[in-house]
$ cat upload15.txt   # compact mmCIF, C-alpha atoms
# COMPACT_ATOMS: atom_id res chain seq x y z
CA MET A 1 0.00 0.00 0.00
CA ILE A 2 1.28 3.48 -0.79
CA THR A 3 1.75 5.00 2.64
CA ASN A 4 1.79 8.43 4.22
CA ARG A 5 5.58 8.12 4.14
CA ASP A 6 5.41 7.94 0.36
CA LEU A 7 3.19 10.99 0.24
CA ALA A 8 5.18 13.02 2.78
CA CYS A 9 8.42 13.27 0.81
CA ILE A 10 8.50 10.10 -1.25
CA GLY A 11 11.51 9.43 0.96
CA LEU A 12 13.68 6.71 -0.51
CA ALA A 13 15.35 4.01 1.54
CA THR A 14 18.59 5.10 -0.13
CA GLY A 15 18.14 8.62 1.24
CA CYS A 16 16.17 11.66 0.17
CA VAL A 17 18.15 13.83 -2.24
CA CYS A 18 16.36 16.99 -1.13
CA PRO A 19 16.53 19.23 1.92
CA ARG A 20 13.37 18.83 3.97
CA ARG A 21 11.25 21.95 4.02
CA GLU A 22 7.59 22.80 3.82
CA VAL A 23 6.27 23.64 0.36
CA ASP A 24 2.69 24.24 -0.74
CA LEU A 25 1.92 21.14 -2.80
CA ALA A 26 -0.81 22.92 -4.72
CA VAL A 27 1.76 24.92 -6.67
CA ARG A 28 3.80 21.88 -7.67
CA GLY A 29 1.62 20.59 -10.46
CA ALA A 30 -0.59 17.61 -11.05
CA TRP A 31 -0.41 14.23 -9.41
CA LEU A 32 -1.02 10.93 -11.16
CA TRP A 33 -2.47 8.19 -9.01
CA GLU A 34 -3.81 5.23 -10.97
CA ARG A 35 -4.67 1.63 -10.08
CA ARG A 36 -5.17 -0.97 -12.83
CA PRO A 37 -5.47 -4.76 -12.96
CA GLY A 38 -2.06 -6.45 -12.91
CA CYS A 39 -2.34 -7.85 -16.42
CA GLY A 40 -0.74 -7.23 -19.78
CA ALA A 41 -3.65 -5.12 -20.98
CA SER A 42 -2.80 -2.48 -18.33
CA VAL A 43 0.81 -1.84 -19.39
CA VAL A 44 0.16 0.37 -22.44
CA PRO A 45 -2.60 2.50 -20.82
CA LEU A 46 -0.39 3.11 -17.77
CA ARG A 47 2.55 4.04 -20.02
CA ARG A 48 0.32 6.54 -21.84
CA LEU A 49 -0.89 8.06 -18.57
CA VAL A 50 2.67 8.44 -17.29
CA ARG A 51 3.76 10.01 -20.58
CA ARG A 52 0.89 12.52 -20.40
CA TRP A 53 1.82 13.27 -16.79
CA THR A 54 5.48 13.89 -17.68
CA LEU A 55 4.47 16.22 -20.51
CA ALA A 56 2.40 18.22 -18.03
CA ALA A 57 4.77 18.09 -15.05
CA VAL A 58 8.39 17.65 -16.20
CA VAL A 59 10.28 20.42 -17.99
CA ASP A 60 13.14 18.29 -19.39
CA GLU A 61 11.88 16.05 -22.22
CA GLU A 62 14.79 13.59 -21.87
CA VAL A 63 14.10 13.15 -18.16
CA GLY A 64 10.43 12.68 -19.00
CA GLU A 65 11.26 9.85 -21.39
CA SER A 66 13.51 8.25 -18.74
CA ILE A 67 10.59 8.34 -16.32
CA VAL A 68 8.23 6.76 -18.86
CA LEU A 69 10.70 3.95 -19.64
CA ALA A 70 11.54 3.23 -15.98
CA VAL A 71 7.88 3.16 -14.95
CA ASP A 72 7.04 0.94 -17.92
CA GLU A 73 9.73 -1.52 -16.77
CA ALA A 74 8.46 -1.48 -13.18
CA VAL A 75 4.84 -2.01 -14.27
CA SER A 76 5.86 -4.76 -16.72
CA ASN A 77 7.80 -6.52 -13.96
CA ALA A 78 4.78 -6.40 -11.67
CA VAL A 79 2.47 -7.72 -14.37
CA GLU A 80 4.82 -10.50 -15.43
CA HIS A 81 6.18 -11.65 -12.08
CA ALA A 82 3.95 -10.60 -9.18
CA TYR A 83 0.74 -12.32 -10.20
CA ARG A 84 1.70 -15.69 -11.61
CA ASP A 85 -1.07 -17.64 -9.85
CA VAL A 86 -3.45 -14.96 -8.57
CA ALA A 87 -5.03 -11.75 -9.79
CA GLY A 88 -4.10 -8.36 -8.37
CA ASP A 89 -3.60 -4.69 -9.13
CA VAL A 90 -0.70 -2.44 -10.06
CA GLN A 91 -0.71 1.08 -8.65
CA VAL A 92 1.29 4.05 -9.96
CA LEU A 93 1.76 7.30 -8.05
CA ALA A 94 3.67 10.11 -9.80
CA VAL A 95 4.14 13.44 -8.05
CA PRO A 96 6.31 16.50 -8.03
CA ARG A 97 8.40 16.14 -4.87
CA PRO A 98 7.07 18.21 -1.98
CA CYS A 99 10.56 19.60 -1.40
CA GLY A 100 10.46 21.18 -4.85
CA HIS A 101 13.49 19.28 -6.13
CA GLY A 102 12.16 17.04 -8.89
CA VAL A 103 9.62 14.26 -9.21
CA ALA A 104 9.02 10.90 -7.63
CA VAL A 105 7.19 7.84 -8.88
CA VAL A 106 6.04 4.82 -6.89
CA VAL A 107 4.98 1.57 -8.57
CA GLU A 108 3.39 -0.99 -6.32
CA ASP A 109 1.86 -4.45 -6.47
CA GLN A 110 0.48 -6.84 -3.87
CA GLY A 111 2.05 -9.90 -5.44
CA VAL A 112 4.97 -12.16 -4.62
CA TRP A 113 8.55 -10.93 -5.16
CA LEU A 114 10.56 -12.96 -7.62
CA ALA A 115 14.30 -12.47 -7.08
CA PRO A 116 16.21 -11.68 -10.29
CA ALA A 117 18.16 -14.58 -11.80
CA ALA A 118 21.93 -14.52 -11.30
CA HIS A 119 22.39 -14.91 -15.08
CA PRO A 120 19.24 -13.53 -16.71
CA GLY A 121 20.31 -14.17 -20.29
CA PHE A 122 18.57 -12.03 -22.88
CA ARG A 123 15.76 -11.01 -20.50
CA GLY A 124 15.76 -9.84 -16.91
CA ARG A 125 17.35 -6.43 -17.29
CA GLY A 126 14.46 -4.28 -16.03
CA LEU A 127 15.92 -3.52 -12.60
CA ALA A 128 19.30 -2.66 -14.12
CA LEU A 129 17.53 -0.30 -16.53
CA ILE A 130 15.67 1.37 -13.66
CA ASP A 131 19.00 1.74 -11.86
CA GLU A 132 20.46 3.55 -14.88
CA LEU A 133 17.44 5.76 -15.58
CA ALA A 134 16.43 6.98 -12.11
CA ASP A 135 18.55 9.35 -10.04
CA GLN A 136 17.66 7.22 -7.03
CA HIS A 137 15.45 4.22 -6.47
CA SER A 138 14.62 1.66 -3.84
CA ILE A 139 12.79 -1.63 -3.84
CA THR A 140 10.86 -2.89 -0.85
CA ALA A 141 9.55 -6.45 -1.05
CA SER A 142 7.43 -8.09 1.63
CA ALA A 143 4.57 -10.51 2.02
CA ALA A 144 2.27 -7.55 1.27
CA GLY A 145 3.83 -6.95 -2.16
CA THR A 146 6.58 -4.97 -3.83
CA THR A 147 7.08 -1.21 -3.93
CA ILE A 148 9.55 0.48 -6.26
CA ARG A 149 10.27 4.12 -5.43
CA MET A 150 12.12 6.21 -8.02
CA CYS A 151 13.06 9.87 -8.11
CA TRP A 152 14.57 12.32 -10.55
CA ARG A 153 16.09 15.71 -9.79
CA THR A 154 14.52 17.85 -12.49
CA GLN A 155 12.66 21.07 -12.93
CA VAL A 156 8.87 20.78 -12.70
CA ARG A 157 6.20 22.93 -14.26
CA THR A 158 4.31 25.09 -11.82
$ encode --input "upload15.txt" --output "C-alpha cells"
Amino acid sequence: MITNRDLACIGLATGCVCPRREVDLAVRGAWLWERRPGCGASVVPLRRLVRRWTLAAVVDEEVGESIVLAVDEAVSNAVEHAYRDVAGDVQVLAVPRPCGHGVAVVVEDQGVWLAPAAHPGFRGRGLALIDELADQHSITASAAGTTIRMCWRTQVRT
C-alpha cells in the first residue's frame, strides 16, 4: 500500500536527495495516481498516462522519457512476475516532490517478489535499466507486495 511516508516526501530508503522543508503542494503541479489490474492489458494505458503526466509536469523532455521507460519496466515486472497464480492490481503514483526538487514515482503491487536470476540471459534487465534511468530508487519487497520508489532531480512545471 502506498503510505503516508510515500506521500510526505517520497523518501527513498537510499536517502532523500532533497533538503526537507515545507512547500505548498498545490503549486507543484498535477499528481497521477492510478490503479489498474495487474495484467498485460494495463501496461500500455499506464505508459500513456505516465507520458501525459510527464508532458504536463516535467520540464526536461529527456528526463520525461527516462521516467516513462523506468515506470514501464516497473509495471511490466509487476504484471509479469507478481501475479503468476493470482489476480491483483498495479498502482502508480507520480508526483512533483514536496521539497520542490524534482519528481518521484512509486509503482506498487500486492504480489509475490521474484528475485532476479543470477544470469538472466537475454531477459531480466528491467531492474538494471531502472538503476540507470532513475537518479535514485529503492525496492521494498514483503509478504504484502513490492514497492519500487524512483526519483529524478529535475525542474517541474508550476
$ residues_near_point --input "upload15.txt" --point "(7.3, 12.4, -6.2)" --cutoff "8 Å" --atoms "only C-alpha atoms" --output "list of chain:residue names"
A:Leu7, A:Cys9, A:Ile10, A:Leu93, A:Ala94, A:Val95, A:Pro96, A:Arg97, A:Pro98, A:Gly102, A:Val103, A:Ala104, A:Val105, A:Val106, A:Cys151
$ atom_distance --input "upload15.txt" --atom1 "CA of Arg47 in chain A" --atom2 "CA of Val71 in chain A"
7.4 Å
$ closest_residue --input "upload15.txt" --among "A:Trp152, A:Leu129, A:Ala78, A:Pro37" --to "Gly64 in chain A" --atoms "only C-alpha atoms"
A:Trp152
$ atom_distance --input "upload15.txt" --atom1 "CA of Gln136 in chain A" --atom2 "CA of Asp60 in chain A"
17.2 Å
$ closest_residue --input "upload15.txt" --among "A:Gly111, A:Gly100, A:Gly126, A:Gly88" --to "Asp72 in chain A" --atoms "only C-alpha atoms"
A:Gly126
$ atom_distance --input "upload15.txt" --atom1 "CA of Ala57 in chain A" --atom2 "CA of Ala141 in chain A"
28.7 Å
$ closest_residue --input "upload15.txt" --among "A:Val107, A:Ala128, A:Val86, A:Cys99" --to "Val68 in chain A" --atoms "all atoms listed in the file"
A:Val107
$ closest_residue --input "upload15.txt" --among "A:Thr54, A:Ser66, A:Ser138, A:Ser76" --to "Cys39 in chain A" --atoms "all atoms listed in the file"
A:Ser76
$ closest_residue --input "upload15.txt" --among "A:Leu127, A:His137, A:His81, A:His101" --to "Trp113 in chain A" --atoms "all atoms listed in the file"
A:His81
$ closest_residue --input "upload15.txt" --among "A:Val63, A:Leu46, A:Glu34, A:Tyr83" --to "Val156 in chain A" --atoms "all atoms listed in the file"
A:Val63
$ axis_aligned_box --input "upload15.txt" --around "range 52-64 of chain A" --padding-each-side "5 Å" --output "JSON"
{"center_x": 7.8, "center_y": 16.5, "center_z": -18.6, "size_x": 23.9, "size_y": 17.9, "size_z": 17.2}
